[in-house]
file target.txt (compact mmCIF, C-alpha atoms)
# COMPACT_ATOMS: atom_id res chain seq x y z
CA MET E 148 -18.24 26.91 -6.82
CA LEU E 149 -14.87 25.28 -7.27
CA GLU E 150 -14.89 22.50 -9.80
CA ARG E 151 -12.86 19.38 -9.49
CA ARG E 152 -10.01 19.20 -12.00
CA SER E 153 -8.58 15.89 -13.02
CA ALA E 154 -4.87 15.44 -12.33
CA LEU E 155 -4.81 13.51 -15.61
CA ALA E 156 -6.47 16.22 -17.71
CA SER E 157 -3.27 16.75 -19.70
CA ALA E 158 -2.38 13.06 -19.95
CA LYS E 159 -2.31 11.33 -23.31
CA PRO E 160 -5.37 9.04 -23.48
CA TYR E 161 -4.73 5.33 -23.89
CA LYS E 162 -6.63 3.43 -26.56
CA SER E 163 -6.57 -0.26 -27.38
CA ALA E 164 -9.07 -2.86 -28.54
CA VAL E 165 -8.10 -5.32 -25.80
CA LEU E 166 -7.24 -3.08 -22.87
CA THR E 167 -8.90 -0.13 -21.17
CA ILE E 168 -6.83 2.21 -19.06
CA ALA E 169 -8.76 5.20 -17.80
CA GLU E 170 -9.23 7.40 -14.77
CA ARG E 171 -12.21 6.27 -12.71
CA PRO E 172 -13.32 9.42 -10.87
CA GLY E 173 -16.42 9.87 -8.76
CA PHE E 174 -15.53 8.18 -5.47
CA THR E 175 -15.06 9.09 -1.84
CA LEU E 176 -11.99 7.71 -0.08
CA THR E 177 -11.85 7.73 3.71
CA GLN E 178 -9.08 6.32 5.84
CA VAL E 179 -10.00 5.22 9.34
CA ALA E 180 -7.79 3.96 12.14
CA GLY E 181 -8.42 3.20 15.76
CA LEU E 182 -6.73 1.57 18.69
CA SER E 183 -9.65 1.08 21.07
CA PRO E 184 -10.85 -2.54 21.46
CA ASP E 185 -14.34 -1.70 20.14
CA PHE E 186 -13.08 0.23 17.11
CA GLU E 187 -13.84 -2.52 14.61
CA ALA E 188 -17.32 -3.10 16.04
CA LYS E 189 -18.12 0.61 15.71
CA LEU E 190 -16.78 0.65 12.18
CA ALA E 191 -18.83 -2.42 11.23
CA ASP E 192 -21.98 -0.75 12.60
CA VAL E 193 -21.54 2.12 10.17
CA ALA E 194 -19.82 0.51 7.17
CA GLY E 195 -20.92 -3.12 7.26
CA SER E 196 -18.84 -6.27 7.55
CA LEU E 197 -15.08 -5.84 7.50
CA PRO E 198 -12.45 -7.73 5.48
CA GLU E 199 -11.03 -10.43 7.72
CA THR E 200 -7.36 -10.08 6.89
CA VAL E 201 -4.93 -7.41 5.75
CA ALA E 202 -4.76 -7.05 1.98
CA ARG E 203 -8.37 -8.14 1.47
CA ALA E 204 -11.36 -6.08 0.31
CA GLN E 205 -14.99 -6.41 1.34
CA SER E 206 -17.83 -4.93 -0.71
CA ASN E 207 -20.95 -3.82 1.16
CA GLY E 208 -23.45 -2.30 -1.23
CA GLU E 209 -22.00 0.91 -2.63
CA ARG E 210 -18.96 0.81 -0.36
CA THR E 211 -15.80 -1.29 -0.51
CA LEU E 212 -13.54 -1.60 2.51
CA PHE E 213 -9.84 -2.43 2.32
CA ARG E 214 -8.00 -3.62 5.42
CA ILE E 215 -4.66 -1.90 4.78
CA GLY E 216 -2.86 -2.53 8.05
CA PRO E 217 -3.40 -3.40 11.68
CA ALA E 218 -6.45 -1.40 12.90
CA GLN E 219 -6.45 0.61 9.67
CA PHE E 220 -8.96 0.63 6.80
CA TRP E 221 -9.76 2.43 3.57
CA ILE E 222 -13.41 2.98 2.74
CA VAL E 223 -14.16 3.59 -0.95
CA GLY E 224 -17.67 4.93 -1.35
CA PRO E 225 -19.83 6.73 -3.90
CA GLU E 226 -19.05 10.33 -4.84
CA THR E 227 -21.22 11.63 -2.02
CA ASP E 228 -20.70 9.53 1.07
CA ASP E 229 -21.36 10.62 4.65
CA VAL E 230 -19.33 7.80 6.21
CA ALA E 231 -16.67 10.18 7.53
CA SER E 232 -19.14 12.27 9.51
CA ARG E 233 -20.89 9.16 10.82
CA LEU E 234 -17.59 7.80 12.16
CA ALA E 235 -16.42 11.06 13.73
CA GLY E 236 -15.48 10.45 17.34
CA ALA E 237 -15.32 6.67 16.97
CA CYS E 238 -11.86 6.58 15.39
CA ALA E 239 -9.26 8.66 13.59
CA VAL E 240 -10.78 9.69 10.26
CA THR E 241 -8.70 11.06 7.38
CA PRO E 242 -10.47 12.14 4.18
CA LEU E 243 -8.26 11.15 1.23
CA THR E 244 -10.64 11.70 -1.70
CA SER E 245 -8.82 14.74 -3.05
CA SER E 246 -5.39 13.24 -2.55
CA ARG E 247 -5.84 10.13 -4.66
CA VAL E 248 -6.50 9.41 -8.32
CA ARG E 249 -8.08 6.10 -9.29
CA ILE E 250 -6.81 4.54 -12.51
CA GLY E 251 -8.71 1.54 -13.85
CA ILE E 252 -6.98 -1.18 -15.90
CA GLU E 253 -9.30 -3.68 -17.56
CA GLY E 254 -8.90 -6.34 -20.21
CA ALA E 255 -7.24 -9.65 -20.90
CA PRO E 256 -3.64 -8.32 -20.68
CA ALA E 257 -4.27 -6.31 -17.48
CA ARG E 258 -2.34 -8.73 -15.26
CA ASP E 259 0.61 -8.76 -17.64
CA VAL E 260 0.72 -4.95 -17.65
CA LEU E 261 0.68 -4.80 -13.85
CA ALA E 262 3.30 -7.54 -13.62
CA MET E 263 5.72 -5.20 -15.37
CA LEU E 264 5.12 -2.53 -12.75
CA ILE E 265 4.70 -4.01 -9.26
CA PRO E 266 6.70 -6.67 -7.35
CA VAL E 267 3.60 -8.61 -6.32
CA ASP E 268 2.59 -12.17 -7.23
CA LEU E 269 -0.26 -11.52 -9.69
CA HIS E 270 -1.12 -15.13 -10.51
CA ARG E 271 -4.88 -15.63 -10.66
CA SER E 272 -4.76 -18.09 -7.78
CA VAL E 273 -2.93 -15.61 -5.54
CA PHE E 274 -4.12 -12.11 -6.47
CA ALA E 275 -7.75 -13.04 -6.99
CA PRO E 276 -10.75 -10.65 -7.05
CA GLY E 277 -11.00 -9.01 -3.64
CA SER E 278 -7.24 -8.81 -3.15
CA VAL E 279 -5.55 -5.55 -2.24
CA ALA E 280 -1.83 -4.75 -2.26
CA LEU E 281 -0.08 -1.70 -0.91
CA THR E 282 2.98 -1.54 -3.12
CA GLY E 283 4.82 0.84 -5.42
CA ILE E 284 4.94 1.80 -9.10
CA HIS E 285 7.98 3.78 -10.25
CA HIS E 286 9.07 4.29 -6.61
CA THR E 287 5.68 5.79 -5.81
CA PRO E 288 3.35 4.24 -3.20
CA VAL E 289 0.16 2.89 -4.75
CA THR E 290 -2.72 0.70 -3.65
CA VAL E 291 -3.82 -1.93 -6.16
CA HIS E 292 -7.27 -3.51 -5.89
CA CYS E 293 -8.33 -6.53 -7.94
CA ARG E 294 -12.06 -5.96 -8.54
CA GLY E 295 -12.52 -8.62 -11.22
CA GLU E 296 -10.60 -11.42 -12.91
CA ASP E 297 -9.05 -8.94 -15.35
CA ALA E 298 -10.02 -5.62 -13.74
CA PHE E 299 -7.85 -3.60 -11.40
CA ASP E 300 -7.93 -0.20 -9.75
CA VAL E 301 -4.71 1.62 -8.93
CA TYR E 302 -4.99 4.35 -6.30
CA VAL E 303 -2.10 6.78 -6.66
CA MET E 304 -1.29 10.05 -4.94
CA ARG E 305 -2.65 12.94 -6.99
CA THR E 306 0.69 14.72 -7.40
CA PHE E 307 2.27 11.55 -8.80
CA ALA E 308 -0.70 10.57 -10.96
CA ARG E 309 0.72 11.84 -14.27
CA ASP E 310 4.00 10.03 -13.72
CA VAL E 311 2.29 6.76 -12.79
CA TRP E 312 -0.15 7.15 -15.70
CA ASP E 313 2.82 7.42 -18.08
CA ALA E 314 4.46 4.37 -16.48
CA ILE E 315 1.28 2.29 -16.84
CA THR E 316 0.50 3.33 -20.40
CA ASP E 317 4.14 2.80 -21.43
CA ALA E 318 4.04 -0.70 -19.95
CA ALA E 319 0.79 -1.36 -21.80
CA LEU E 320 2.09 -0.40 -25.26
CA ARG E 321 3.38 -3.87 -26.09
CA PHE E 322 0.00 -5.42 -25.24
CA ALA E 323 -2.06 -2.95 -27.24
CA ASP E 324 -3.22 -5.34 -29.94
CA ASP E 325 -2.05 -8.71 -28.67
CA PRO E 326 -4.28 -10.09 -25.90
CA MET Q 27 15.15 -11.24 -1.50
CA MET Q 28 11.68 -11.64 -0.01
CA ILE Q 29 10.91 -10.12 3.39
CA PRO Q 30 8.00 -11.41 5.51
CA CYS Q 31 6.12 -8.23 6.50
CA PRO Q 32 4.16 -9.13 9.65
CA HIS Q 33 1.09 -7.38 8.19
CA CYS Q 34 1.28 -7.79 4.40
CA GLY Q 35 3.03 -11.17 4.08
CA ASP Q 36 6.03 -12.05 1.91
CA ARG Q 37 6.96 -9.07 -0.22
CA ASP Q 38 9.87 -8.04 -2.43
CA VAL Q 39 12.78 -6.23 -0.80
CA SER Q 40 12.27 -3.27 -3.16
CA GLU Q 41 9.19 -2.29 -1.12
CA PHE Q 42 11.26 -1.94 2.08
CA ARG Q 43 13.68 0.49 3.64
CA TYR Q 44 16.57 -0.73 5.77
CA GLY Q 45 16.62 0.91 9.19
CA GLY Q 46 19.89 -0.19 10.74
CA ASP Q 47 21.09 -2.42 13.55
CA ALA Q 48 18.24 -3.34 15.90
CA SER Q 49 20.49 -4.85 18.54
CA LYS Q 50 22.02 -1.54 19.69
CA GLN Q 51 20.81 -0.29 23.04
CA ARG Q 52 19.82 3.36 23.07
CA PRO Q 53 21.40 5.23 26.02
CA ALA Q 54 18.96 6.10 28.80
CA HIS Q 55 17.04 9.33 28.34
CA GLY Q 56 18.96 12.15 29.99
CA THR Q 57 22.37 10.53 29.69
CA GLY Q 58 24.75 13.46 29.57
CA ASP Q 59 27.91 11.66 28.59
CA LEU Q 60 28.75 12.78 25.05
CA GLN Q 61 31.07 9.85 24.41
CA THR Q 62 28.15 7.44 25.06
CA TRP Q 63 25.97 9.27 22.54
CA HIS Q 64 28.82 9.51 20.04
CA ASP Q 65 29.29 5.76 20.20
CA TYR Q 66 25.53 5.11 19.87
CA VAL Q 67 25.00 7.46 16.94
CA PHE Q 68 28.18 7.02 14.91
CA LEU Q 69 29.77 3.65 15.66
CA PHE Q 70 28.39 0.54 14.00
CA GLU Q 71 29.37 -3.09 13.92
CA ASN Q 72 29.57 -4.68 10.49
CA PRO Q 73 28.80 -8.31 11.32
CA LYS Q 74 29.08 -11.19 8.89
CA GLY Q 75 26.39 -13.71 9.71
CA PRO Q 76 23.25 -13.53 11.84
CA HIS Q 77 21.99 -9.99 12.40
CA THR Q 78 18.89 -8.34 13.84
CA GLU Q 79 17.90 -5.18 12.02
CA TYR Q 80 15.10 -2.66 11.57
CA TRP Q 81 13.12 -2.62 8.34
CA GLN Q 82 10.19 -0.44 7.26
CA HIS Q 83 7.60 -1.55 4.69
CA VAL Q 84 7.83 1.90 3.20
CA LEU Q 85 5.84 1.24 0.00
CA GLY Q 86 3.30 -0.90 1.84
CA CYS Q 87 1.80 -0.61 5.30
CA ARG Q 88 4.65 1.71 6.41
CA ARG Q 89 5.10 -0.22 9.65
CA TRP Q 90 8.53 -0.79 11.26
CA PHE Q 91 9.60 -4.20 12.52
CA ARG Q 92 12.69 -6.13 13.55
CA LEU Q 93 13.99 -8.80 11.19
CA ALA Q 94 16.57 -11.56 11.65
CA ARG Q 95 18.76 -11.81 8.54
CA ASN Q 96 22.06 -13.48 7.81
CA THR Q 97 24.24 -10.76 6.26
CA ALA Q 98 26.44 -13.34 4.52
CA THR Q 99 23.70 -15.40 2.86
CA ASN Q 100 20.63 -13.11 3.00
CA GLU Q 101 18.79 -15.99 4.63
CA ILE Q 102 15.78 -14.57 6.49
CA GLY Q 103 15.23 -15.84 10.02
CA GLY Q 104 11.84 -14.18 10.41
CA VAL Q 105 10.38 -11.25 12.29
CA VAL Q 106 11.71 -10.71 15.81
CA SER Q 107 9.34 -9.30 18.40
call {"tool": "encode", "arguments": {"input": "target.txt", "output": "structure tokens"}}
result
Amino acid sequence: MLERRSALASAKPYKSAVLTIAERPGFTLTQVAGLSPDFEAKLADVAGSLPETVARAQSNGERTLFRIGPAQFWIVGPETDDVASRLAGACAVTPLTSSRVRIGIEGAPARDVLAMLIPVDLHRSVFAPGSVALTGIHHTPVTVHCRGEDAFDVYVMRTFARDVWDAITDAALRFADDP
Amino acid sequence: MMIPCPHCGDRDVSEFRYGGDASKQRPAHGTGDLQTWHDYVFLFENPKGPHTEYWQHVLGCRRWFRLARNTATNEIGGVVS
């Protein structure tokens, strides 16, 4: 059986007492889109309640849904998730699990690290837990999810993961021991 | 410069791609006159002042939209339907 290989296997690990930057594997990512009027109702039947506005996330049990555009969602689920097969026929389903790497950034300086990388207002009152931004790091499209006050996930395309990893860990160097 | 994406909200211009003059009228499908197509494809106005243009939120939702912008001041007039 083919084994999954991390796109960051050759990356230099990042270590700091105040900041954790690490790949967070073990998820299923499914993109769904639909134009029919009942698309969102069908999606809610399978995946639970939906985020009300674009750039918001909604957690339902083991799954988190991001509304990433008009009539378009990302569903982040556990490593084995049958949501794609359950939605087949109800909307356009694109499995993205193998095409994305999830990099977690956690710790007191996490917002300051991200602020060096993305042109998004990261103030606590604006980019609060449950916020999602489709933006770019190093000219590469990424999706950033705030999953806690000082905890973020960056979803990056697999082929750009090493480059974005280097950009993030470079930006984090100055915060290594100074929270 | 901040651009109001109709889906993602106010975002930095670095997330967008400029898509050209949105006020030009594309010749009707099947128009055989080469001069008409030449003018449409190659000739552009370079206005100073109010302008309607295409932008794509290329690092975000990837949607295209029409934006009113003053080319002299970069003042944004908002999204044009």
call {"tool": "interface_residues", "arguments": {"input": "target.txt", "of": "chain Q", "to": "chain E", "cutoff": "8 Å", "atoms": "all atoms listed in the file", "output": "ChimeraX atom specification"}}
result
/Q:33-34,37-38,40-41,85-87
call {"tool": "residues_around", "arguments": {"input": "target.txt", "residues": "Leu212 (chain E)", "least_positions_apart": "3", "cutoff": "6 Å", "atoms": "all atoms listed in the file", "output": "PyMOL selection string"}}
result
chain E and resi 204-205+221-222
call {"tool": "residues_around", "arguments": {"input": "target.txt", "residues": "region 57-74 of chain Q", "least_positions_apart": "5", "cutoff": "9 Å", "atoms": "only C-alpha atoms", "output": "PyMOL selection string"}}
result
chain Q and resi 47+50-52+96-98
call {"tool": "residues_around", "arguments": {"input": "target.txt", "residues": "Gly104 (chain Q)", "least_positions_apart": "2", "cutoff": "7 Å", "atoms": "all atoms listed in the file", "output": "number ranges by chain"}}
result
Q: 30, 93-94, 102, 106
call {"tool": "closest_residue", "arguments": {"input": "target.txt", "among": "E:Arg203, E:Pro160, E:Arg233, E:Phe213", "to": "Lys189 (chain E)", "atoms": "only C-alpha atoms"}}
result
E:Arg233
call {"tool": "atom_distance", "arguments": {"input": "target.txt", "atom1": "CA of Ala257 (chain E)", "atom2": "CA of Glu209 (chain E)"}}
result
24.2 Å
call {"tool": "residues_around", "arguments": {"input": "target.txt", "residues": "Leu243 (chain E)", "least_positions_apart": "2", "cutoff": "6 Å", "atoms": "all atoms listed in the file", "output": "list in words"}}
result
Leu176, Thr177, Ser245 and Ser246 of chain E
call {"tool": "closest_residue", "arguments": {"input": "target.txt", "among": "E:Glu253, E:Glu226, E:Glu199, E:Asp317", "to": "Ser278 (chain E)", "atoms": "all atoms listed in the file"}}
result
E:Glu199
call {"tool": "closest_residue", "arguments": {"input": "target.txt", "among": "E:Tyr302, E:Phe174, E:Tyr161, E:Phe322", "to": "Met263 (chain E)", "atoms": "all atoms listed in the file"}}
result
E:Phe322
call {"tool": "atom_distance", "arguments": {"input": "target.txt", "atom1": "CA of Thr241 (chain E)", "atom2": "CA of Thr175 (chain E)"}}
result
11.4 Å
call {"tool": "atom_distance", "arguments": {"input": "target.txt", "atom1": "CA of Pro256 (chain E)", "atom2": "CA of Gly277 (chain E)"}}
result
18.6 Å
call {"tool": "decode", "arguments": {"input": "target.txt", "residues": "region 153-182 of chain E", "atoms": "N, CA and C atoms", "output": "compact mmCIF listing (two decimals), in the first residue's frame"}}
result
# COMPACT_ATOMS: atom_id res chain seq x y z
N SER E 153 5.04 13.16 3.81
CA SER E 153 4.88 14.57 4.11
C SER E 153 5.67 15.42 3.13
N ALA E 154 5.05 16.51 2.65
CA ALA E 154 5.76 17.44 1.79
C ALA E 154 6.81 18.22 2.58
N LEU E 155 6.73 18.12 3.91
CA LEU E 155 7.67 18.86 4.75
C LEU E 155 8.70 17.93 5.40
N ALA E 156 8.81 16.70 4.85
CA ALA E 156 9.71 15.72 5.47
C ALA E 156 11.14 16.24 5.51
N SER E 157 11.55 17.02 4.51
CA SER E 157 12.93 17.49 4.47
C SER E 157 13.08 18.89 5.07
N ALA E 158 11.99 19.42 5.60
CA ALA E 158 12.06 20.79 6.14
C ALA E 158 12.78 20.80 7.48
N LYS E 159 13.43 21.92 7.77
CA LYS E 159 14.12 22.07 9.05
C LYS E 159 13.07 22.31 10.13
N PRO E 160 13.03 21.47 11.17
CA PRO E 160 12.01 21.65 12.21
C PRO E 160 12.20 22.99 12.93
N TYR E 161 11.09 23.54 13.41
CA TYR E 161 11.16 24.80 14.14
C TYR E 161 10.96 24.52 15.62
N LYS E 162 11.85 25.09 16.44
CA LYS E 162 11.73 24.87 17.88
C LYS E 162 11.83 26.19 18.62
N SER E 163 10.93 26.39 19.55
CA SER E 163 10.95 27.59 20.38
C SER E 163 10.14 27.31 21.63
N ALA E 164 10.49 28.00 22.72
CA ALA E 164 9.76 27.79 23.98
C ALA E 164 8.40 28.46 23.94
N VAL E 165 8.24 29.49 23.11
CA VAL E 165 7.00 30.27 23.16
C VAL E 165 6.12 30.06 21.93
N LEU E 166 6.64 29.37 20.93
CA LEU E 166 5.90 29.26 19.67
C LEU E 166 6.05 27.85 19.10
N THR E 167 4.95 27.29 18.67
CA THR E 167 4.97 25.98 18.01
C THR E 167 4.59 26.16 16.56
N ILE E 168 5.45 25.73 15.67
CA ILE E 168 5.10 25.71 14.25
C ILE E 168 5.35 24.28 13.78
N ALA E 169 4.30 23.62 13.34
CA ALA E 169 4.42 22.22 12.98
C ALA E 169 3.34 21.83 11.98
N GLU E 170 3.67 20.86 11.13
CA GLU E 170 2.64 20.33 10.25
C GLU E 170 1.58 19.64 11.09
N ARG E 171 0.33 19.82 10.70
CA ARG E 171 -0.77 19.14 11.40
C ARG E 171 -1.47 18.22 10.40
N PRO E 172 -0.92 17.02 10.20
CA PRO E 172 -1.50 16.10 9.21
C PRO E 172 -2.73 15.41 9.79
N GLY E 173 -3.28 14.48 9.02
CA GLY E 173 -4.38 13.69 9.53
C GLY E 173 -5.71 14.38 9.41
N PHE E 174 -6.01 14.93 8.22
CA PHE E 174 -7.31 15.56 8.01
C PHE E 174 -7.81 15.22 6.62
N THR E 175 -9.08 15.39 6.41
CA THR E 175 -9.68 15.26 5.09
C THR E 175 -10.20 16.63 4.69
N LEU E 176 -9.83 17.07 3.49
CA LEU E 176 -10.30 18.38 3.02
C LEU E 176 -11.14 18.18 1.75
N THR E 177 -12.36 18.66 1.81
CA THR E 177 -13.29 18.50 0.69
C THR E 177 -13.85 19.86 0.32
N GLN E 178 -13.75 20.19 -0.95
CA GLN E 178 -14.35 21.45 -1.41
C GLN E 178 -15.68 21.13 -2.08
N VAL E 179 -16.71 21.87 -1.71
CA VAL E 179 -18.02 21.66 -2.32
C VAL E 179 -18.54 23.00 -2.84
N ALA E 180 -19.22 22.92 -3.98
CA ALA E 180 -19.81 24.12 -4.58
C ALA E 180 -21.09 23.72 -5.27
N GLY E 181 -22.05 24.60 -5.27
CA GLY E 181 -23.31 24.29 -5.92
C GLY E 181 -24.05 25.55 -6.26
N LEU E 182 -24.83 25.49 -7.31
CA LEU E 182 -25.57 26.67 -7.74
C LEU E 182 -27.08 26.49 -7.57
